[in-house]
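S.K.: Contents of run-v1.cif (mmCIF, C-alpha atoms):
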```cif
data_upload
loop_
_atom_site.group_PDB
_atom_site.id
_atom_site.type_symbol
_atom_site.label_atom_id
_atom_site.label_comp_id
_atom_site.auth_asym_id
_atom_site.auth_seq_id
_atom_site.Cartn_x
_atom_site.Cartn_y
_atom_site.Cartn_z
ATOM 1 C CA GLY T 40 21.654 -16.365 19.770
ATOM 2 C CA ARG T 41 19.658 -17.220 16.671
ATOM 3 C CA ILE T 42 16.426 -17.766 18.581
ATOM 4 C CA TYR T 43 16.779 -14.330 20.161
ATOM 5 C CA LYS T 44 17.226 -12.680 16.749
ATOM 6 C CA LEU T 45 14.385 -14.743 15.271
ATOM 7 C CA CYS T 46 12.037 -13.526 18.003
ATOM 8 C CA TRP T 47 12.914 -9.919 17.203
ATOM 9 C CA LEU T 48 12.410 -10.591 13.499
ATOM 10 C CA ILE T 49 8.965 -12.068 14.176
ATOM 11 C CA LEU T 50 8.145 -9.041 16.323
ATOM 12 C CA TRP T 51 9.170 -6.769 13.435
ATOM 13 C CA LEU T 52 6.929 -8.704 11.041
ATOM 14 C CA VAL T 53 4.001 -8.430 13.465
ATOM 15 C CA GLY T 54 4.496 -4.661 13.667
ATOM 16 C CA ILE T 55 4.602 -4.344 9.878
ATOM 17 C CA ALA T 56 1.420 -6.442 9.641
ATOM 18 C CA VAL T 57 -0.361 -4.196 12.151
ATOM 19 C CA MET T 58 0.823 -1.112 10.271
ATOM 20 C CA SER T 59 -0.568 -2.619 7.058
ATOM 21 C CA ILE T 60 -4.126 -2.934 8.413
ATOM 22 C CA PRO T 61 -5.072 0.701 7.684
ATOM 23 C CA THR T 62 -3.587 0.460 4.182
ATOM 24 C CA VAL T 63 -5.848 -2.525 3.498
ATOM 25 C CA ALA T 64 -8.835 -0.426 4.571
ATOM 26 C CA PHE T 65 -7.848 2.503 2.342
ATOM 27 C CA ALA T 66 -7.539 0.295 -0.737
ATOM 28 C CA ALA T 67 -10.597 -1.858 0.000
ATOM 29 C CA PHE T 68 -13.019 0.889 1.012
ATOM 30 C CA GLU T 69 -12.814 2.360 -2.480
ATOM 31 C CA TRP T 70 -14.890 -0.610 -3.647
ATOM 32 C CA LEU T 71 -17.128 -1.013 -0.621
ATOM 33 C CA PRO T 72 -20.763 -0.119 -1.501
ATOM 34 C CA GLN T 73 -22.717 2.290 0.681
ATOM 35 C CA ASP T 74 -25.224 -0.419 1.577
ATOM 36 C CA ASN T 75 -22.470 -2.491 3.178
ATOM 37 C CA TYR T 76 -22.348 -5.117 5.895
ATOM 38 C CA PHE T 77 -20.326 -2.839 8.227
ATOM 39 C CA LYS T 78 -22.974 -0.081 7.978
ATOM 40 C CA LEU T 79 -20.351 2.514 7.029
ATOM 41 C CA GLY T 80 -21.932 5.595 5.471
ATOM 42 C CA ARG T 81 -20.735 7.584 2.487
ATOM 43 C CA MET T 82 -18.989 10.254 4.595
ATOM 44 C CA MET T 83 -17.150 7.609 6.602
ATOM 45 C CA LEU T 84 -15.964 5.810 3.468
ATOM 46 C CA GLU T 85 -14.799 9.056 1.838
ATOM 47 C CA GLY T 86 -13.053 10.150 5.038
ATOM 48 C CA VAL T 87 -11.085 6.910 5.279
ATOM 49 C CA GLN T 88 -10.113 7.109 1.612
ATOM 50 C CA ASP T 89 -8.977 10.745 1.926
ATOM 51 C CA GLY T 90 -6.853 9.902 4.971
ATOM 52 C CA GLY T 91 -5.084 7.064 3.182
ATOM 53 C CA SER T 92 -2.414 9.213 1.562
ATOM 54 C CA TYR T 93 -1.554 10.893 4.878
ATOM 55 C CA PHE T 94 -1.187 7.554 6.632
ATOM 56 C CA LEU T 95 0.994 6.135 3.854
ATOM 57 C CA ALA T 96 3.244 9.206 3.999
ATOM 58 C CA TRP T 97 3.520 8.856 7.789
ATOM 59 C CA ALA T 98 4.108 5.099 7.677
ATOM 60 C CA SER T 99 6.734 5.335 4.932
ATOM 61 C CA ASN T 100 8.717 8.222 6.405
ATOM 62 C CA PHE T 101 8.252 7.810 10.153
ATOM 63 C CA GLY T 102 6.395 4.637 11.156
ATOM 64 C CA VAL T 103 8.499 2.013 9.378
ATOM 65 C CA PRO T 104 11.884 3.658 10.236
ATOM 66 C CA TRP T 105 10.879 3.986 13.894
ATOM 67 C CA TRP T 106 9.739 0.362 14.134
ATOM 68 C CA THR T 107 12.919 -0.763 12.390
ATOM 69 C CA ARG T 108 15.003 0.993 15.041
ATOM 70 C CA VAL T 109 12.960 -0.669 17.792
ATOM 71 C CA CYS T 110 13.673 -4.101 16.276
ATOM 72 C CA ARG T 111 17.346 -3.601 15.408
ATOM 73 C CA ARG T 112 18.251 -6.627 17.510
ATOM 74 C CA SER T 113 16.870 -8.914 14.792
ATOM 75 C CA GLY T 114 20.291 -8.680 13.147
ATOM 76 C CA VAL T 115 18.899 -7.451 9.811
ATOM 77 C CA SER T 116 20.397 -4.283 8.375
ATOM 78 C CA PRO T 117 18.251 -1.230 9.231
ATOM 79 C CA ILE T 118 18.292 -0.074 5.604
ATOM 80 C CA VAL T 119 17.169 -3.489 4.322
ATOM 81 C CA SER T 120 14.449 -3.651 6.997
ATOM 82 C CA GLN T 121 13.206 -0.211 5.993
ATOM 83 C CA MET T 122 13.157 -1.108 2.298
ATOM 84 C CA VAL T 123 11.205 -4.322 2.833
ATOM 85 C CA GLY T 124 8.849 -2.744 5.356
ATOM 86 C CA ARG T 125 8.034 0.201 3.099
ATOM 87 C CA THR T 126 7.479 -2.092 0.124
ATOM 88 C CA LEU T 127 4.992 -4.222 2.049
ATOM 89 C CA VAL T 128 3.091 -1.372 3.689
ATOM 90 C CA VAL T 129 3.034 1.112 0.804
ATOM 91 C CA TRP T 130 2.319 -0.905 -2.322
ATOM 92 C CA VAL T 131 2.303 -4.708 -1.934
ATOM 93 C CA VAL T 132 -0.464 -4.937 0.694
ATOM 94 C CA PRO T 133 -2.701 -2.159 -0.765
ATOM 95 C CA MET T 134 -2.387 -3.635 -4.254
ATOM 96 C CA CYS T 135 -3.333 -7.127 -3.027
ATOM 97 C CA ALA T 136 -6.337 -5.681 -1.157
ATOM 98 C CA SER T 137 -7.429 -3.783 -4.251
ATOM 99 C CA ILE T 138 -7.137 -6.921 -6.420
ATOM 100 C CA LEU T 139 -9.327 -8.855 -3.983
ATOM 101 C CA MET T 140 -11.997 -6.134 -3.806
ATOM 102 C CA ALA T 141 -12.032 -4.676 -7.337
ATOM 103 C CA ASP T 142 -15.043 -5.312 -9.540
ATOM 104 C CA GLY T 143 -12.781 -6.313 -12.432
ATOM 105 C CA CYS T 144 -10.766 -8.787 -10.351
ATOM 106 C CA PHE T 145 -12.078 -11.040 -7.566
ATOM 107 C CA ARG T 146 -15.153 -8.849 -6.841
ATOM 108 C CA GLY T 147 -14.701 -9.060 -3.076
ATOM 109 C CA TRP T 148 -16.933 -6.012 -2.629
ATOM 110 C CA ALA T 149 -20.003 -8.201 -3.323
ATOM 111 C CA THR T 150 -19.237 -10.297 -0.230
ATOM 112 C CA TRP T 151 -19.872 -7.252 1.979
ATOM 113 C CA TRP T 152 -22.898 -5.931 0.073
ATOM 114 C CA ASN T 153 -26.043 -6.331 2.196
ATOM 115 C CA PRO T 154 -28.285 -7.691 -0.587
ATOM 116 C CA CYS T 155 -25.745 -10.470 -1.158
ATOM 117 C CA GLN T 156 -26.132 -11.508 2.488
ATOM 118 C CA GLN T 157 -29.729 -12.545 1.769
ATOM 119 C CA THR T 158 -30.074 -15.887 0.036
ATOM 120 C CA GLY T 159 -32.179 -15.632 -3.087
ATOM 121 C CA ALA T 160 -32.331 -11.823 -3.086
ATOM 122 C CA PHE T 161 -31.632 -11.686 -6.821
ATOM 123 C CA ASP T 162 -33.506 -14.807 -7.947
ATOM 124 C CA VAL T 163 -35.881 -13.677 -10.695
ATOM 125 C CA SER T 164 -37.975 -16.101 -12.701
ATOM 126 C CA ILE T 165 -40.806 -15.704 -15.182
ATOM 127 C CA PRO T 166 -43.680 -18.065 -16.042
ATOM 128 C CA VAL T 167 -43.572 -19.698 -19.440
ATOM 129 C CA THR T 168 -46.637 -21.397 -20.873
ATOM 130 C CA ILE T 169 -46.542 -23.891 -23.724
ATOM 131 C CA GLN T 170 -49.344 -25.883 -25.299
ATOM 132 C CA PRO T 171 -48.337 -29.147 -26.946
ATOM 133 C CA THR T 172 -50.217 -29.772 -30.163
ATOM 134 C CA PHE T 173 -50.746 -33.460 -29.481
ATOM 135 C CA THR T 174 -52.526 -32.894 -26.130
ATOM 136 C CA GLY T 175 -53.878 -29.372 -26.411
ATOM 137 C CA ILE T 176 -53.413 -28.911 -22.664
ATOM 138 C CA PRO T 177 -51.369 -25.791 -21.689
ATOM 139 C CA VAL T 178 -48.396 -26.410 -19.408
ATOM 140 C CA THR T 179 -46.873 -23.596 -17.326
ATOM 141 C CA PHE T 180 -43.425 -23.672 -15.741
ATOM 142 C CA HIS T 181 -41.017 -21.050 -14.364
ATOM 143 C CA THR T 182 -37.614 -20.326 -15.808
ATOM 144 C CA GLN T 183 -34.930 -18.348 -13.983
ATOM 145 C CA ILE T 184 -33.525 -15.366 -15.863
ATOM 146 C CA VAL T 185 -31.349 -13.946 -13.044
ATOM 147 C CA GLY T 186 -29.847 -15.918 -10.196
ATOM 148 C CA HIS T 187 -28.304 -14.919 -6.883
ATOM 149 C CA LYS T 188 -25.001 -16.446 -7.907
ATOM 150 C CA SER T 189 -24.884 -14.530 -11.188
ATOM 151 C CA VAL T 190 -24.884 -11.227 -9.260
ATOM 152 C CA CYS T 191 -23.024 -12.019 -6.044
ATOM 153 C CA GLY T 192 -20.818 -14.879 -7.180
ATOM 154 C CA SER T 193 -19.997 -14.149 -10.789
ATOM 155 C CA PRO T 194 -16.480 -15.082 -11.931
ATOM 156 C CA PRO T 195 -13.735 -12.414 -12.118
ATOM 157 C CA ALA T 196 -13.727 -10.135 -15.170
ATOM 158 C CA TRP T 197 -9.971 -10.264 -15.709
ATOM 159 C CA GLY T 198 -10.067 -7.997 -18.726
ATOM 160 C CA ARG T 199 -10.637 -4.983 -16.464
ATOM 161 C CA CYS T 200 -8.553 -6.020 -13.452
ATOM 162 C CA THR T 201 -5.403 -4.020 -14.140
ATOM 163 C CA ARG T 202 -7.359 -0.900 -15.096
ATOM 164 C CA ASP T 203 -9.538 -1.078 -11.972
ATOM 165 C CA VAL T 204 -6.597 -1.606 -9.610
ATOM 166 C CA PHE T 205 -4.460 1.156 -11.102
ATOM 167 C CA GLY T 206 -7.424 3.515 -11.219
ATOM 168 C CA ASN T 207 -8.176 2.813 -7.570
ATOM 169 C CA LEU T 208 -4.625 3.486 -6.378
ATOM 170 C CA ALA T 209 -3.683 6.385 -8.665
ATOM 171 C CA THR T 210 -5.063 9.179 -6.475
ATOM 172 C CA LEU T 211 -3.846 7.538 -3.270
ATOM 173 C CA TYR T 212 -0.238 7.217 -4.467
ATOM 174 C CA THR T 213 -0.107 10.626 -6.143
ATOM 175 C CA ARG T 214 -1.191 12.377 -2.941
ATOM 176 C CA LYS T 215 1.205 10.267 -0.902
ATOM 177 C CA MET T 216 4.199 11.218 -3.045
ATOM 178 C CA MET T 217 3.205 14.894 -3.049
ATOM 179 C CA LEU T 218 3.312 14.808 0.748
ATOM 180 C CA SER T 219 6.628 12.916 0.714
ATOM 181 C CA ALA T 220 8.148 15.430 -1.716
ATOM 182 C CA PHE T 221 6.889 18.777 -0.439
ATOM 183 C CA GLN T 222 5.942 18.375 3.233
ATOM 184 C CA VAL T 223 7.758 15.512 4.942
ATOM 185 C CA PRO T 224 11.362 16.693 4.239
ATOM 186 C CA PHE T 225 10.642 20.133 5.664
ATOM 187 C CA LEU T 226 8.902 18.585 8.660
ATOM 188 C CA ARG T 227 12.044 16.529 9.249
ATOM 189 C CA LEU T 228 14.132 19.700 9.061
ATOM 190 C CA VAL T 229 11.977 21.410 11.688
ATOM 191 C CA MET T 230 12.222 18.339 13.927
ATOM 192 C CA ASP T 231 16.023 18.315 13.543
ATOM 193 C CA ILE T 232 16.231 21.979 14.530
ATOM 194 C CA PHE T 233 14.044 21.757 17.613
ATOM 195 C CA TRP T 234 14.685 18.206 18.834
ATOM 196 C CA TYR T 235 18.218 17.538 17.595
ATOM 197 C CA LYS T 236 20.466 15.551 19.937
ATOM 198 C CA THR T 237 24.233 15.470 19.617
ATOM 199 C CA LEU T 238 24.521 11.690 19.953
ATOM 200 C CA SER T 239 26.296 10.209 16.943
ATOM 201 C CA GLN T 240 23.943 7.262 17.037
ATOM 202 C CA ASP T 241 20.988 9.591 16.353
ATOM 203 C CA VAL T 242 22.891 11.124 13.441
ATOM 204 C CA GLU T 243 23.538 7.663 11.984
ATOM 205 C CA ARG T 244 19.914 6.711 12.369
ATOM 206 C CA GLY T 245 18.802 9.923 10.689
ATOM 207 C CA LEU T 246 21.098 9.235 7.745
ATOM 208 C CA GLU T 247 19.873 5.644 7.538
ATOM 209 C CA ASP T 248 16.298 6.956 7.404
ATOM 210 C CA LEU T 249 17.266 9.420 4.659
ATOM 211 C CA VAL T 250 18.944 6.768 2.510
ATOM 212 C CA GLY T 251 16.077 4.351 3.109
ATOM 213 C CA THR T 252 13.593 7.030 2.029
ATOM 214 C CA GLN T 253 15.522 7.771 -1.154
ATOM 215 C CA ILE T 254 15.844 4.087 -2.062
ATOM 216 C CA ALA T 255 12.113 3.658 -1.450
ATOM 217 C CA ALA T 256 11.403 6.556 -3.816
ATOM 218 C CA VAL T 257 13.542 4.927 -6.531
ATOM 219 C CA ASP T 258 11.738 1.618 -5.952
ATOM 220 C CA PHE T 259 8.351 3.359 -6.147
ATOM 221 C CA ALA T 260 9.251 5.002 -9.453
ATOM 222 C CA LEU T 261 10.621 1.758 -10.890
ATOM 223 C CA VAL T 262 7.665 -0.428 -9.968
ATOM 224 C CA LEU T 263 4.707 1.921 -10.414
ATOM 225 C CA GLY T 264 6.060 4.608 -12.732
ATOM 226 C CA CYS T 265 4.834 2.699 -15.792
ATOM 227 C CA ALA T 266 1.267 2.714 -14.456
ATOM 228 C CA PHE T 267 1.349 6.192 -12.869
ATOM 229 C CA PRO T 268 3.700 8.424 -14.910
ATOM 230 C CA ALA T 269 3.119 11.352 -12.546
ATOM 231 C CA LEU T 270 4.913 9.401 -9.797
ATOM 232 C CA VAL T 271 8.282 9.583 -11.570
ATOM 233 C CA PRO T 272 8.819 13.379 -11.241
ATOM 234 C CA LEU T 273 7.288 13.287 -7.749
ATOM 235 C CA CYS T 274 9.743 10.576 -6.676
ATOM 236 C CA ALA T 275 12.610 12.625 -8.121
ATOM 237 C CA ALA T 276 11.347 15.671 -6.224
ATOM 238 C CA ALA T 277 11.167 13.637 -3.006
ATOM 239 C CA ILE T 278 14.796 12.543 -3.392
ATOM 240 C CA LEU T 279 15.932 16.104 -4.144
ATOM 241 C CA THR T 280 14.041 17.821 -1.326
ATOM 242 C CA SER T 281 15.096 15.211 1.248
ATOM 243 C CA ALA T 282 18.767 15.680 0.284
ATOM 244 C CA ILE T 283 18.466 19.477 0.413
ATOM 245 C CA CYS T 284 16.782 19.417 3.821
ATOM 246 C CA GLN T 285 19.446 17.034 5.120
ATOM 247 C CA ARG T 286 22.166 19.477 4.060
ATOM 248 C CA LEU T 287 20.291 22.363 5.673
ATOM 249 C CA SER T 288 19.959 20.353 8.867
ATOM 250 C CA GLU T 289 23.705 19.674 8.939
ATOM 251 C CA HIS T 290 24.436 23.369 8.380
ATOM 252 C CA ILE T 291 21.934 24.743 10.905
ATOM 253 C CA CYS T 292 22.551 22.185 13.647
ATOM 254 C CA LYS T 293 26.312 22.176 12.948
ATOM 255 C CA TYR T 294 27.013 18.467 13.070
ATOM 256 C CA GLN T 295 29.150 16.279 10.867
ATOM 257 C CA VAL T 296 27.674 13.159 9.344
ATOM 258 C CA VAL T 297 29.853 10.070 9.285
ATOM 259 C CA GLN T 298 28.796 7.303 6.934
ATOM 260 C CA PRO T 299 27.497 4.376 9.038
ATOM 261 C CA GLN T 300 29.134 0.979 8.622
ATOM 262 C CA SER T 301 25.745 -0.460 7.611
ATOM 263 C CA PHE T 302 25.988 1.340 4.247
ATOM 264 C CA ALA T 303 28.941 -0.687 3.002
ATOM 265 C CA GLN T 304 27.430 -3.910 4.327
ATOM 266 C CA THR T 305 24.136 -3.500 2.489
ATOM 267 C CA LYS T 306 25.158 -2.263 -0.967
ATOM 268 C CA TRP T 307 24.634 -5.693 -2.550
ATOM 269 C CA GLU T 308 21.277 -6.098 -0.826
ATOM 270 C CA VAL T 309 20.193 -2.697 -2.147
ATOM 271 C CA ALA T 310 21.329 -3.590 -5.661
ATOM 272 C CA LEU T 311 19.406 -6.885 -5.517
ATOM 273 C CA TYR T 312 16.339 -5.106 -4.169
ATOM 274 C CA LEU T 313 16.340 -2.601 -7.039
ATOM 275 C CA MET T 314 16.893 -5.410 -9.566
ATOM 276 C CA LEU T 315 13.808 -7.173 -8.223
ATOM 277 C CA SER T 316 11.895 -3.896 -8.485
ATOM 278 C CA HIS T 317 12.913 -3.658 -12.126
ATOM 279 C CA MET T 318 11.699 -7.217 -12.723
ATOM 280 C CA VAL T 319 8.311 -6.316 -11.217
ATOM 281 C CA GLN T 320 8.201 -3.290 -13.520
ATOM 282 C CA CYS T 321 8.796 -5.558 -16.532
ATOM 283 C CA ILE T 322 5.749 -7.586 -15.448
ATOM 284 C CA LEU T 323 3.481 -4.587 -14.811
ATOM 285 C CA LEU T 324 4.482 -2.622 -17.929
ATOM 286 C CA PRO T 325 2.736 -4.936 -20.468
ATOM 287 C CA LEU T 326 -0.358 -4.984 -18.257
ATOM 288 C CA ALA T 327 -0.451 -1.199 -18.033
ATOM 289 C CA ILE T 328 -0.002 -0.842 -21.798
ATOM 290 C CA SER T 329 -2.597 -3.492 -22.687
ATOM 291 C CA GLU T 330 -5.324 -1.823 -20.634
#
```
Please rewrite the model in this file as structure tokens.
M.R.:
Amino acid sequence: GRIYKLCWLILWLVGIAVMSIPTVAFAAFEWLPQDNYFKLGRMMLEGVQDGGSYFLAWASNFGVPWWTRVCRRSGVSPIVSQMVGRTLVVWVVPMCASILMADGCFRGWATWWNPCQQTGAFDVSIPVTIQPTFTGIPVTFHTQIVGHKSVCGSPPAWGRCTRDVFGNLATLYTRKMMLSAFQVPFLRLVMDIFWYKTLSQDVERGLEDLVGTQIAAVDFALVLGCAFPALVPLCAAAILTSAICQRLSEHICKYQVVQPQSFAQTKWEVALYLMLSHMVQCILLPLAISE
């Protein structure tokens, strides 16, 4: 019934949320100072940041498709579930985390900076002495030149927000797409050769994963290509190499792919999804050009 499908849908959302936790860390740790509340050293921060692209490549190509298959009973098309899941894990959640932490946006990094945990750590005042002419008695008072709030609670500097966010995510997304274009498809081919099963259901699922991956690459190029031009040829390469490796898998393993029924049922959803991606691009393009 509907309640049964709703429970599976909630379970799918919980899994996507758990899978998004590491992506939040990758985007946020770029702005976390070394003298941080979590006592994470420089090597730890750099290690987490370097591993971000590998996790995104795994989550996009293996994690989200696998979890979608586990939660098929939600009644949502597997291709639609993969598209939405990849969008959330790969770019929506990391971009939101980067906006919250970036120095040019909400400056969330200051919340986790140890000096900001100490009240009054940045309060600096100087004595000022004046001598009124009508009394001749000097009067000294202190005036504050720097306050704790001006350092740890200053308002967002929106003029640099877009540049800071895009600069933070550029390396992460470029590495991720290089892995998706030149490593993941060949890893899939090796897995097909050594662990291929003759069940038609597995073939359908593999084709659903392939189509979902290609649609995700188109979405990635549409949304973020204006900010990261290098992603456009990398997304095209990912689509090409995944198609080539799929053909090689069919030839080597000698199986015939039959188009799943879910393809015809989701063509309008895919078209709407790509239209929304284009609308997001129209919003991000002026921001990327202005900064």
S.K.: Report as a ChimeraX atom specification the residues that result from applying the PyMOL selection byres ((chain T and resi 311-320) around 10) to the structure here.
M.R.: /T:119,122-123,126,254-255,257-266,305-310,321-327
S.K.: Export C-alpha atoms of the chosen residues as a PDB file, in the frame of the given file?
M.R.:
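Output contents, as saved in result_14.pdb:
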```
ATOM      1  CA  VAL T 119      17.169  -3.489   4.322  1.00  0.00           C
ATOM      2  CA  MET T 122      13.157  -1.108   2.298  1.00  0.00           C
ATOM      3  CA  VAL T 123      11.205  -4.322   2.833  1.00  0.00           C
ATOM      4  CA  THR T 126       7.479  -2.092   0.124  1.00  0.00           C
ATOM      5  CA  ILE T 254      15.844   4.087  -2.062  1.00  0.00           C
ATOM      6  CA  ALA T 255      12.113   3.658  -1.450  1.00  0.00           C
ATOM      7  CA  VAL T 257      13.542   4.927  -6.531  1.00  0.00           C
ATOM      8  CA  ASP T 258      11.738   1.618  -5.952  1.00  0.00           C
ATOM      9  CA  PHE T 259       8.351   3.359  -6.147  1.00  0.00           C
ATOM     10  CA  ALA T 260       9.251   5.002  -9.453  1.00  0.00           C
ATOM     11  CA  LEU T 261      10.621   1.758 -10.890  1.00  0.00           C
ATOM     12  CA  VAL T 262       7.665  -0.428  -9.968  1.00  0.00           C
ATOM     13  CA  LEU T 263       4.707   1.921 -10.414  1.00  0.00           C
ATOM     14  CA  GLY T 264       6.060   4.608 -12.732  1.00  0.00           C
ATOM     15  CA  CYS T 265       4.834   2.699 -15.792  1.00  0.00           C
ATOM     16  CA  ALA T 266       1.267   2.714 -14.456  1.00  0.00           C
ATOM     17  CA  THR T 305      24.136  -3.500   2.489  1.00  0.00           C
ATOM     18  CA  LYS T 306      25.158  -2.263  -0.967  1.00  0.00           C
ATOM     19  CA  TRP T 307      24.634  -5.693  -2.550  1.00  0.00           C
ATOM     20  CA  GLU T 308      21.277  -6.098  -0.826  1.00  0.00           C
ATOM     21  CA  VAL T 309      20.193  -2.697  -2.147  1.00  0.00           C
ATOM     22  CA  ALA T 310      21.329  -3.590  -5.661  1.00  0.00           C
ATOM     23  CA  CYS T 321       8.796  -5.558 -16.532  1.00  0.00           C
ATOM     24  CA  ILE T 322       5.749  -7.586 -15.448  1.00  0.00           C
ATOM     25  CA  LEU T 323       3.481  -4.587 -14.811  1.00  0.00           C
ATOM     26  CA  LEU T 324       4.482  -2.622 -17.929  1.00  0.00           C
ATOM     27  CA  PRO T 325       2.736  -4.936 -20.468  1.00  0.00           C
ATOM     28  CA  LEU T 326      -0.358  -4.984 -18.257  1.00  0.00           C
ATOM     29  CA  ALA T 327      -0.451  -1.199 -18.033  1.00  0.00           C
TER      30      ALA T 327
END
```
S.K.: Hey, which of T:Ser120, T:Ser281, T:Gln156, T:Asn207 ends up closest to Ser219 (chain T)? Count only C-alpha atoms.
M.R.: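 Of T:Ser120, T:Ser281, T:Gln156, T:Asn207, the one nearest Ser219 (chain T), counting only C-alpha atoms, is T:Ser281.
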S.K.: Residue by residue, what does the PyMOL selection byres ((chain T and resi 161) around 7) grab here? Present the result as a PyMOL selection string.
M.R.: chain T and resi 159-160+162-163+185-187
S.K.: Any idea what's packed within 10 Å of region 78-83 of chain T, counting only C-alpha atoms, ignoring anything in its chain fewer than 5 positions away? Could you give it as a list in words?
M.R.: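 Answer for this query is Phe68, Leu71, Pro72, Gln73, Gln88, Asp89, Trp151, Trp152 and Asn153 of chain T.
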S.K.: In Å to one decimal, how far is CA of Val229 (chain T) from CA of Ser288 (chain T)?
M.R.: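 One can read the CA of Ser288 (chain T) to CA of Val229 (chain T) distance as 8.5 Å.
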S.K.: Spell out the residues picked by the PyMOL selection byres ((chain T and resi 200-206) around 12) here, as an MDAnalysis selection string.
M.R.: chainID T and resid 66:67 69:70 130 133:146 195:199 207:213 263:268 322:330
S.K.: Figure out the distance between CA of Met58 (chain T) and CA of Thr280 (chain T), please, to one decimal in Å.
M.R.: 25.8 Å
S.K.: What gap, in Å, lies between CA of Ala277 (chain T) and CA of Leu249 (chain T)?
M.R.: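 Separation between CA of Ala277 (chain T) and CA of Leu249 (chain T): 10.7 Å.
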S.K.: Place a sphere of radius 7 Å on (-39.0, -20.2, -14.1) in the file coordinates and name every protein, DNA or RNA residue with an atom inside or on its surface, counting all atoms listed in the file; give the answer as a list in words.
M.R.: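 All residues meeting the 7 Å criterion around (-39.0, -20.2, -14.1) are Ser164, Ile165, Pro166, Phe180, His181, Thr182 and Gln183 of chain T.
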S.K.: Find the residue from T:Pro154, T:Thr252, T:Trp106, T:Gly114 that sits nearest to Val57 (chain T); use all atoms listed in the file when measuring.
M.R.: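 Distance minimum relative to Val57 (chain T) lands on T:Trp106.
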S.K.: Could you put an axis-aligned box around every listed atom of region 96-107 of chain T, padded by 6 Å on each side, and send me its centre and edge lengths in Å to one decimal, as lines of an AutoDock Vina configuration file?
M.R.:
```
center_x = 8.1
center_y = 4.2
center_z = 9.1
size_x = 21.7
size_y = 22.0
size_z = 22.1
```
S.K.: Is it possible to get the residues within 7 Å of (-2.4, 4.3, 5.8) (coordinates as in the file, counting all atoms listed in the file) written as a list in words?
M.R.: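 Residues with an atom at most 7 Å from (-2.4, 4.3, 5.8): Pro61, Thr62, Phe65, Gly91, Ser92, Tyr93, Phe94, Leu95 and Ala98 of chain T.
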S.K.: When distances are computed from only C-alpha atoms, which of T:Trp51, T:Trp105, T:Phe233, T:Trp148 shows the smallest separation from Gly192 (chain T)?
M.R.: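 Of T:Trp51, T:Trp105, T:Phe233, T:Trp148, the one nearest Gly192 (chain T) is T:Trp148, counting only C-alpha atoms.
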S.K.: Please identify all polymer residues within 12 Å of Gly40 (chain T), counting only C-alpha atoms, omitting same-chain residues fewer than 2 positions from it, and present them as a ChimeraX atom specification.
M.R.: /T:42-47,112-114
S.K.: Could you take the residues named above and write them with C-alpha atoms, as a PDB file, in the coordinates of the input?
M.R.:
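After the write, selection-v7.pdb holds the following:
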```
ATOM      1  CA  ILE T  42      16.426 -17.766  18.581  1.00  0.00           C
ATOM      2  CA  TYR T  43      16.779 -14.330  20.161  1.00  0.00           C
ATOM      3  CA  LYS T  44      17.226 -12.680  16.749  1.00  0.00           C
ATOM      4  CA  LEU T  45      14.385 -14.743  15.271  1.00  0.00           C
ATOM      5  CA  CYS T  46      12.037 -13.526  18.003  1.00  0.00           C
ATOM      6  CA  TRP T  47      12.914  -9.919  17.203  1.00  0.00           C
ATOM      7  CA  ARG T 112      18.251  -6.627  17.510  1.00  0.00           C
ATOM      8  CA  SER T 113      16.870  -8.914  14.792  1.00  0.00           C
ATOM      9  CA  GLY T 114      20.291  -8.680  13.147  1.00  0.00           C
TER      10      GLY T 114
END
```
